[in-house]
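Chemist: So that you have it, the file is upload_4.cif, and it contains mmCIF, C-alpha atoms:
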```cif
data_query
loop_
_atom_site.label_atom_id
_atom_site.label_comp_id
_atom_site.auth_asym_id
_atom_site.auth_seq_id
_atom_site.Cartn_x
_atom_site.Cartn_y
_atom_site.Cartn_z
CA MET Q 25 0.00 0.00 0.00
CA THR Q 26 1.34 3.44 -0.91
CA ALA Q 27 1.79 5.69 2.10
CA PRO Q 28 -0.37 8.84 1.96
CA SER Q 29 1.34 12.18 1.52
CA PHE Q 30 0.48 15.47 3.17
CA GLU Q 31 1.53 19.01 2.31
CA THR Q 32 2.48 20.04 5.86
CA LEU Q 33 3.23 16.68 7.50
CA ALA Q 34 5.68 13.84 7.09
CA TYR Q 35 4.11 10.43 7.69
CA ASP Q 36 5.70 7.05 8.31
CA VAL Q 37 4.45 3.69 9.58
CA THR Q 38 7.06 1.25 10.87
CA ASP Q 39 6.27 -1.93 12.80
CA GLY Q 40 2.82 -0.76 13.83
CA VAL Q 41 3.85 2.74 14.93
CA ALA Q 42 2.81 5.75 12.85
CA THR Q 43 5.00 8.83 13.20
CA VAL Q 44 3.34 12.11 12.25
CA THR Q 45 5.85 14.96 11.92
CA LEU Q 46 4.73 18.58 11.64
CA ASN Q 47 6.83 19.53 8.64
CA ARG Q 48 7.17 23.27 8.10
CA PRO Q 49 10.58 23.61 9.76
CA ASP Q 50 11.39 26.92 8.06
CA LYS Q 51 8.31 28.34 9.87
CA LEU Q 52 8.95 26.47 13.14
CA ASN Q 53 6.03 24.28 12.03
CA ALA Q 54 3.56 27.14 12.40
CA PHE Q 55 -0.07 26.05 12.14
CA ASN Q 56 -2.10 27.11 9.09
CA THR Q 57 -5.32 26.00 7.42
CA GLN Q 58 -3.53 23.33 5.38
CA MET Q 59 -1.94 21.85 8.50
CA MET Q 60 -5.40 21.75 10.10
CA LYS Q 61 -6.74 19.79 7.13
CA ASP Q 62 -3.70 17.51 7.04
CA LEU Q 63 -3.90 16.68 10.75
CA ILE Q 64 -7.57 15.79 10.52
CA ALA Q 65 -6.85 13.64 7.45
CA VAL Q 66 -3.89 11.87 9.02
CA PHE Q 67 -5.97 10.75 12.01
CA ASP Q 68 -8.60 9.48 9.59
CA GLU Q 69 -5.75 7.49 8.03
CA THR Q 70 -4.41 6.07 11.28
CA ASP Q 71 -7.88 5.10 12.50
CA GLY Q 72 -8.65 3.32 9.23
CA ASP Q 73 -5.38 1.34 9.02
CA ASP Q 74 -5.26 -1.78 11.19
CA ALA Q 75 -1.50 -1.87 10.68
CA VAL Q 76 -1.25 1.27 12.84
CA ARG Q 77 -1.33 0.41 16.51
CA ALA Q 78 0.00 3.65 18.01
CA VAL Q 79 0.67 7.20 16.81
CA ILE Q 80 3.58 9.51 17.68
CA VAL Q 81 3.32 13.24 16.88
CA THR Q 82 6.47 15.35 16.76
CA GLY Q 83 7.96 18.31 14.89
CA ALA Q 84 10.63 18.69 12.21
CA GLY Q 85 13.66 20.83 12.93
CA ARG Q 86 14.20 22.69 16.18
CA GLY Q 87 10.56 23.46 17.01
CA PHE Q 88 7.41 21.49 17.70
CA CYS Q 89 4.94 24.21 16.64
CA ALA Q 90 5.35 27.98 16.99
CA GLY Q 91 1.59 28.50 17.07
CA ALA Q 92 -0.55 30.03 14.35
CA ASP Q 93 1.14 31.24 11.19
CA LEU Q 94 1.07 35.03 11.61
CA SER Q 95 2.07 35.86 8.03
CA SER Q 96 -1.30 37.56 7.46
CA GLY Q 97 -0.36 40.17 10.04
CA GLY Q 98 -3.10 41.88 12.00
CA ASP Q 99 -5.81 40.09 10.02
CA THR Q 100 -4.51 36.63 10.93
CA PHE Q 101 -7.51 35.81 13.11
CA ASP Q 102 -10.10 37.89 11.26
CA TYR Q 103 -11.62 35.07 9.23
CA ASP Q 104 -14.36 37.26 7.76
CA LYS Q 105 -11.86 39.77 6.40
CA ARG Q 106 -9.40 37.16 5.17
CA GLY Q 107 -11.99 34.99 3.45
CA GLY Q 108 -11.12 31.70 1.83
CA GLU Q 109 -11.86 29.64 4.91
CA ASP Q 110 -13.66 26.33 4.60
CA LEU Q 111 -17.35 27.27 4.72
CA ALA Q 112 -18.18 23.73 5.84
CA ALA Q 113 -16.51 24.65 9.14
CA ARG Q 114 -18.99 27.47 9.76
CA ARG Q 115 -21.85 27.07 12.18
CA PRO Q 116 -25.40 27.88 11.10
CA ASP Q 117 -25.07 31.27 12.84
CA GLY Q 118 -22.17 32.12 10.54
CA VAL Q 119 -19.43 31.82 13.16
CA GLN Q 120 -16.27 30.18 11.83
CA ARG Q 121 -15.34 27.14 13.89
CA ASP Q 122 -11.86 27.32 15.38
CA GLY Q 123 -9.39 25.29 13.31
CA GLY Q 124 -7.40 24.18 16.34
CA GLY Q 125 -10.60 22.88 17.88
CA LEU Q 126 -11.42 20.86 14.78
CA VAL Q 127 -8.02 19.19 15.18
CA THR Q 128 -8.26 18.53 18.91
CA LEU Q 129 -11.75 17.09 18.59
CA ARG Q 130 -10.48 14.77 15.87
CA ILE Q 131 -7.59 13.63 18.06
CA TYR Q 132 -10.05 13.16 20.95
CA ASP Q 133 -11.96 10.69 18.74
CA SER Q 134 -8.83 8.71 17.80
CA LEU Q 135 -9.11 4.94 18.08
CA LYS Q 136 -5.35 4.58 18.46
CA PRO Q 137 -3.20 5.80 21.38
CA VAL Q 138 -1.49 9.12 20.65
CA ILE Q 139 1.94 10.01 22.07
CA GLY Q 140 3.28 13.54 21.79
CA ALA Q 141 7.06 13.87 21.42
CA ILE Q 142 7.49 17.59 22.02
CA ASN Q 143 10.90 18.32 20.56
CA GLY Q 144 11.12 22.10 20.88
CA PRO Q 145 9.20 25.35 21.35
CA ALA Q 146 5.42 24.94 21.46
CA VAL Q 147 3.30 28.07 21.66
CA GLY Q 148 -0.43 28.77 21.30
CA VAL Q 149 -2.01 26.01 19.23
CA GLY Q 150 1.37 24.30 19.47
CA VAL Q 151 0.43 23.62 23.09
CA THR Q 152 -3.31 23.19 22.78
CA MET Q 153 -3.08 20.59 19.99
CA GLN Q 154 -1.10 18.43 22.43
CA LEU Q 155 -3.80 18.35 25.09
CA PRO Q 156 -5.96 15.52 23.66
CA MET Q 157 -2.85 13.41 23.06
CA ASP Q 158 -2.73 10.63 25.63
CA ILE Q 159 0.86 10.87 26.83
CA ARG Q 160 3.29 13.74 26.22
CA LEU Q 161 7.07 13.40 26.42
CA ALA Q 162 9.22 16.51 26.04
CA SER Q 163 12.76 17.40 25.16
CA THR Q 164 14.64 19.38 27.76
CA GLU Q 165 14.87 22.04 25.02
CA ALA Q 166 11.08 22.37 24.73
CA ARG Q 167 9.28 25.53 25.79
CA PHE Q 168 5.55 26.08 26.23
CA GLY Q 169 3.34 29.15 26.11
CA LEU Q 170 -0.41 29.71 26.24
CA VAL Q 171 0.03 33.22 24.88
CA PHE Q 172 -3.54 33.99 23.78
CA ALA Q 173 -4.21 36.89 26.16
CA ARG Q 174 -0.98 38.53 24.95
CA ARG Q 175 -2.38 38.41 21.40
CA GLY Q 176 -5.83 39.75 22.32
CA LEU Q 177 -7.44 36.31 22.05
CA ASN Q 178 -8.94 33.68 24.31
CA PRO Q 179 -7.79 30.07 24.70
CA GLU Q 180 -8.89 27.92 21.76
CA ALA Q 181 -8.85 24.31 20.52
CA ALA Q 182 -11.25 23.32 23.34
CA SER Q 183 -8.32 23.87 25.72
CA SER Q 184 -10.62 25.27 28.41
CA TRP Q 185 -11.98 21.70 28.65
CA PHE Q 186 -8.71 19.78 28.26
CA LEU Q 187 -6.16 21.89 30.15
CA PRO Q 188 -7.74 22.00 33.64
CA ARG Q 189 -8.26 18.25 33.49
CA LEU Q 190 -4.53 17.77 32.95
CA VAL Q 191 -2.98 20.38 35.27
CA GLY Q 192 -5.82 21.69 37.45
CA VAL Q 193 -7.74 24.95 37.34
CA GLN Q 194 -5.16 27.03 39.22
CA THR Q 195 -2.25 26.18 36.93
CA ALA Q 196 -4.41 26.44 33.82
CA LEU Q 197 -5.51 29.93 34.80
CA GLU Q 198 -2.02 31.09 35.73
CA TRP Q 199 -0.56 29.96 32.43
CA CYS Q 200 -3.42 31.50 30.44
CA TYR Q 201 -3.61 34.71 32.50
CA THR Q 202 0.10 35.49 32.23
CA GLY Q 203 0.65 34.12 28.72
CA ARG Q 204 4.28 33.59 29.66
CA VAL Q 205 6.53 31.06 27.99
CA PHE Q 206 7.72 28.47 30.52
CA PRO Q 207 10.38 25.76 30.41
CA ALA Q 208 9.98 22.03 29.99
CA GLN Q 209 10.81 21.46 33.65
CA GLU Q 210 7.74 23.47 34.72
CA ALA Q 211 5.57 21.55 32.25
CA PHE Q 212 6.85 18.35 33.85
CA ASP Q 213 6.44 19.58 37.42
CA LYS Q 214 2.81 20.57 36.76
CA GLY Q 215 1.89 17.34 34.98
CA LEU Q 216 1.56 18.61 31.42
CA VAL Q 217 4.25 16.20 30.24
CA ARG Q 218 5.04 12.73 31.51
CA SER Q 219 8.84 12.83 31.23
CA LEU Q 220 11.80 14.92 30.03
CA HIS Q 221 14.52 13.65 27.72
CA ALA Q 222 17.73 14.85 26.16
CA PRO Q 223 16.94 15.96 22.58
CA ASP Q 224 18.49 12.91 20.91
CA GLU Q 225 16.74 10.56 23.34
CA LEU Q 226 13.21 11.91 22.90
CA LEU Q 227 12.02 9.95 19.87
CA PRO Q 228 13.64 6.69 21.04
CA ALA Q 229 11.79 7.08 24.35
CA ALA Q 230 8.49 7.75 22.56
CA ARG Q 231 9.04 4.73 20.30
CA ALA Q 232 9.88 2.51 23.26
CA LEU Q 233 6.62 3.50 24.93
CA ALA Q 234 4.70 2.88 21.70
CA ARG Q 235 6.37 -0.53 21.34
CA GLU Q 236 5.29 -1.55 24.83
CA ILE Q 237 1.69 -0.88 23.79
CA VAL Q 238 1.97 -2.48 20.34
CA ASP Q 239 3.77 -5.62 21.49
CA ASN Q 240 1.61 -6.51 24.48
CA THR Q 241 -1.98 -5.37 24.08
CA ALA Q 242 -5.13 -6.01 22.07
CA PRO Q 243 -5.84 -3.10 19.68
CA VAL Q 244 -9.62 -3.25 20.19
CA SER Q 245 -9.10 -3.14 23.95
CA ILE Q 246 -6.87 -0.10 23.54
CA ALA Q 247 -9.46 1.67 21.38
CA LEU Q 248 -12.17 1.07 23.99
CA THR Q 249 -9.88 2.03 26.86
CA ARG Q 250 -8.94 5.30 25.20
CA GLN Q 251 -12.53 6.31 24.63
CA LEU Q 252 -13.66 5.22 28.09
CA ILE Q 253 -11.00 7.25 29.87
CA TRP Q 254 -11.50 10.39 27.76
CA ARG Q 255 -15.30 10.33 27.68
CA MET Q 256 -15.57 9.63 31.39
CA ALA Q 257 -13.45 12.73 32.12
CA GLY Q 258 -16.65 14.70 31.53
CA ALA Q 259 -19.16 12.26 33.03
CA SER Q 260 -21.44 13.49 35.80
CA HIS Q 261 -21.54 10.21 37.77
CA PRO Q 262 -19.52 6.94 37.89
CA MET Q 263 -22.70 5.12 36.87
CA GLU Q 264 -22.04 6.37 33.33
CA ALA Q 265 -18.70 4.55 33.36
CA HIS Q 266 -20.29 1.46 34.91
CA ARG Q 267 -22.88 1.26 32.17
CA ALA Q 268 -20.33 1.65 29.39
CA ASP Q 269 -17.58 -0.60 30.71
CA SER Q 270 -20.07 -3.30 31.76
CA ARG Q 271 -21.32 -3.52 28.21
CA GLY Q 272 -17.71 -3.56 26.98
CA ILE Q 273 -16.80 -6.47 29.26
CA HIS Q 274 -19.95 -8.33 28.19
CA LEU Q 275 -19.23 -7.93 24.47
CA ARG Q 276 -15.43 -8.31 24.62
CA GLY Q 277 -15.63 -11.31 26.95
CA ARG Q 278 -17.08 -13.50 24.21
CA MET Q 279 -14.68 -12.35 21.48
CA GLY Q 280 -11.51 -14.05 20.33
CA ASP Q 281 -9.25 -11.48 21.97
CA ALA Q 282 -10.44 -12.38 25.48
CA ARG Q 283 -10.00 -16.10 24.87
CA GLU Q 284 -6.53 -15.50 23.44
CA GLY Q 285 -5.59 -13.18 26.28
CA VAL Q 286 -6.43 -15.79 28.90
CA MET Q 287 -4.94 -18.79 27.07
CA SER Q 288 -1.69 -17.02 26.20
CA PHE Q 289 -1.29 -16.15 29.88
CA LEU Q 290 -2.00 -19.72 31.02
CA GLU Q 291 0.30 -21.15 28.33
CA LYS Q 292 3.03 -18.60 29.10
CA ARG Q 293 3.40 -17.39 25.50
CA PRO Q 294 2.98 -14.06 23.67
CA ALA Q 295 -0.61 -13.32 22.70
CA ALA Q 296 -1.72 -13.12 19.07
CA PHE Q 297 -4.93 -11.11 19.33
CA PRO Q 298 -7.24 -11.82 16.36
CA ASN Q 299 -9.74 -8.94 16.54
CA LYS Q 300 -9.37 -5.73 14.50
CA VAL Q 301 -10.42 -2.18 15.24
CA SER Q 302 -11.81 -1.78 11.73
CA SER Q 303 -14.27 -4.66 12.03
CA ASP Q 304 -14.60 -5.77 15.66
CA LEU Q 305 -14.97 -2.61 17.74
CA PRO Q 306 -18.15 -3.07 19.82
CA ASP Q 307 -20.63 -0.27 20.36
CA ILE Q 308 -20.80 0.37 24.08
CA TRP Q 309 -22.25 3.89 23.96
CA ASP Q 310 -25.89 3.57 22.85
CA HIS Q 311 -27.13 1.38 25.66
CA TRP Q 312 -26.79 3.46 28.82
CA THR Q 313 -30.55 3.43 29.42
CA ALA Q 314 -30.76 -0.37 29.59
CA PRO Q 315 -33.21 -1.33 32.39
CA THR Q 316 -30.59 -3.38 34.24
CA PHE Q 317 -28.54 -0.23 34.82
CA LYS Q 318 -31.22 2.10 36.17
#
```
Show me, as structure tokens, the structure contained in the file I just sent.
Modeler:
Amino acid sequence: MTAPSFETLAYDVTDGVATVTLNRPDKLNAFNTQMMKDLIAVFDETDGDDAVRAVIVTGAGRGFCAGADLSSGGDTFDYDKRGGEDLAARRPDGVQRDGGGLVTLRIYDSLKPVIGAINGPAVGVGVTMQLPMDIRLASTEARFGLVFARRGLNPEAASSWFLPRLVGVQTALEWCYTGRVFPAQEAFDKGLVRSLHAPDELLPAARALAREIVDNTAPVSIALTRQLIWRMAGASHPMEAHRADSRGIHLRGRMGDAREGVMSFLEKRPAAFPNKVSSDLPDIWDHWTAPTFK
């Protein structure tokens, strides 16, 4: 199969791990409309390819993403004046949907685990696009900045939902109120990133983590786990989780993966899980009103 190509991304799949590289290094991988479209398309690709078991997102060159491309000057964020935006992204009231939000909502819906390998400066949408990624590793050379208030804007990309869930309300507000750029160590101390690595050790560490997932787990189980954890972050009561995961256990328990998982453990051998995300992902979301769970 020919690998897809993207105007603003480099894309590679090796041994079950897809690496998505923001690829505008001369612009510090600044985010533009084409990158928005490419990121949405690449997650459609990874979800649809059973050969992809995990996704790593990183940046080309010395930066991860310098934020929005500001080459339009003062009209950068005036979509009505600039024109040329995708009208399909407009709401019925005529308001243009935020491009960063379209990306983060697509990542939120991913069926594959997403690992951010933050290799350098990440500002504005360069930070907020990371938030729906499952695990973020950072280079010691990385820098982060939620600079929106310093640009006369508000936080975007649904970050007002994601960020407090990762670092707490107090830290989220401090970072957004001040708009200051802070070092990787602070991002680690506050829980935004999972670990810090020397620059040349970052991608190997991300790949090692991806390999641990790919080599040991059932892909359908991972897809369900990812959606359970993310969706339950906004649930109003644990009963919502109980309803969903009970149905998952019921449906998965009679599938080949569960049999293989148990037998491989008893026989002390690596598991060869037969089920595929593309064809065997059970629907556990439309049955929360079942009488047995009242």
Chemist: I need the output of the PyMOL selection byres ((chain Q and resi 192-208) around 8) for this file as an MDAnalysis selection string; which residues are they?
Modeler: chainID Q and resid 147 162:174 179 187:191 209:212 214 220
Chemist: Determine, for each residue of segment 184-271 of chain Q having at least one atom at most 12 Å from an atom of segment 117-125 of chain Q, the closest pair of atoms and their separation in Å to one decimal, counting only C-alpha atoms; order by chain and ascending number, as JSON lines.
Modeler:
```
{"residue": "Q:Ser184", "atom": "CA", "partner": "Q:Gly125", "partner_atom": "CA", "distance": 10.8}
{"residue": "Q:Trp185", "atom": "CA", "partner": "Q:Gly125", "partner_atom": "CA", "distance": 10.9}
{"residue": "Q:Phe186", "atom": "CA", "partner": "Q:Gly125", "partner_atom": "CA", "distance": 11.0}
```
Chemist: Report as a list in words the residues that result from applying the PyMOL selection byres ((chain Q and resi 87) around 8) to the structure here.
Modeler: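 With the shown file as input, the PyMOL selection byres ((chain Q and resi 87) around 8) matches Pro49, Leu52, Asn53, Gly83, Ala84, Gly85, Arg86, Phe88, Cys89, Ala90, Asn143, Gly144, Pro145, Ala146 and Ala166 of chain Q.
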Chemist: Evaluate the PyMOL selection byres ((chain Q and resi 279) around 12) on the structure here and hand back the selected residues as a PyMOL selection string.
Modeler: chain Q and resi 242+244-245+272-278+280-286+297-300+304-306
Chemist: Using atom CA of Met153 of chain Q and atom CA of Glu180 of chain Q as the two end points, give the distance in Å to one decimal.
Modeler: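 If I compute the distance from atom CA of Met153 of chain Q to atom CA of Glu180 of chain Q, I get 9.5 Å.
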Chemist: When you draw a straight line from atom CA of Gly40 of chain Q to atom CA of Ile237 of chain Q, how long is it in Å?
Modeler: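 Rounded to one decimal, the two atoms are 10.0 Å apart.
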Chemist: Please measure the separation of atom CA of Leu63 of chain Q and atom CA of Ile246 of chain Q, giving the value in Å to one decimal.
Modeler: 21.3 Å
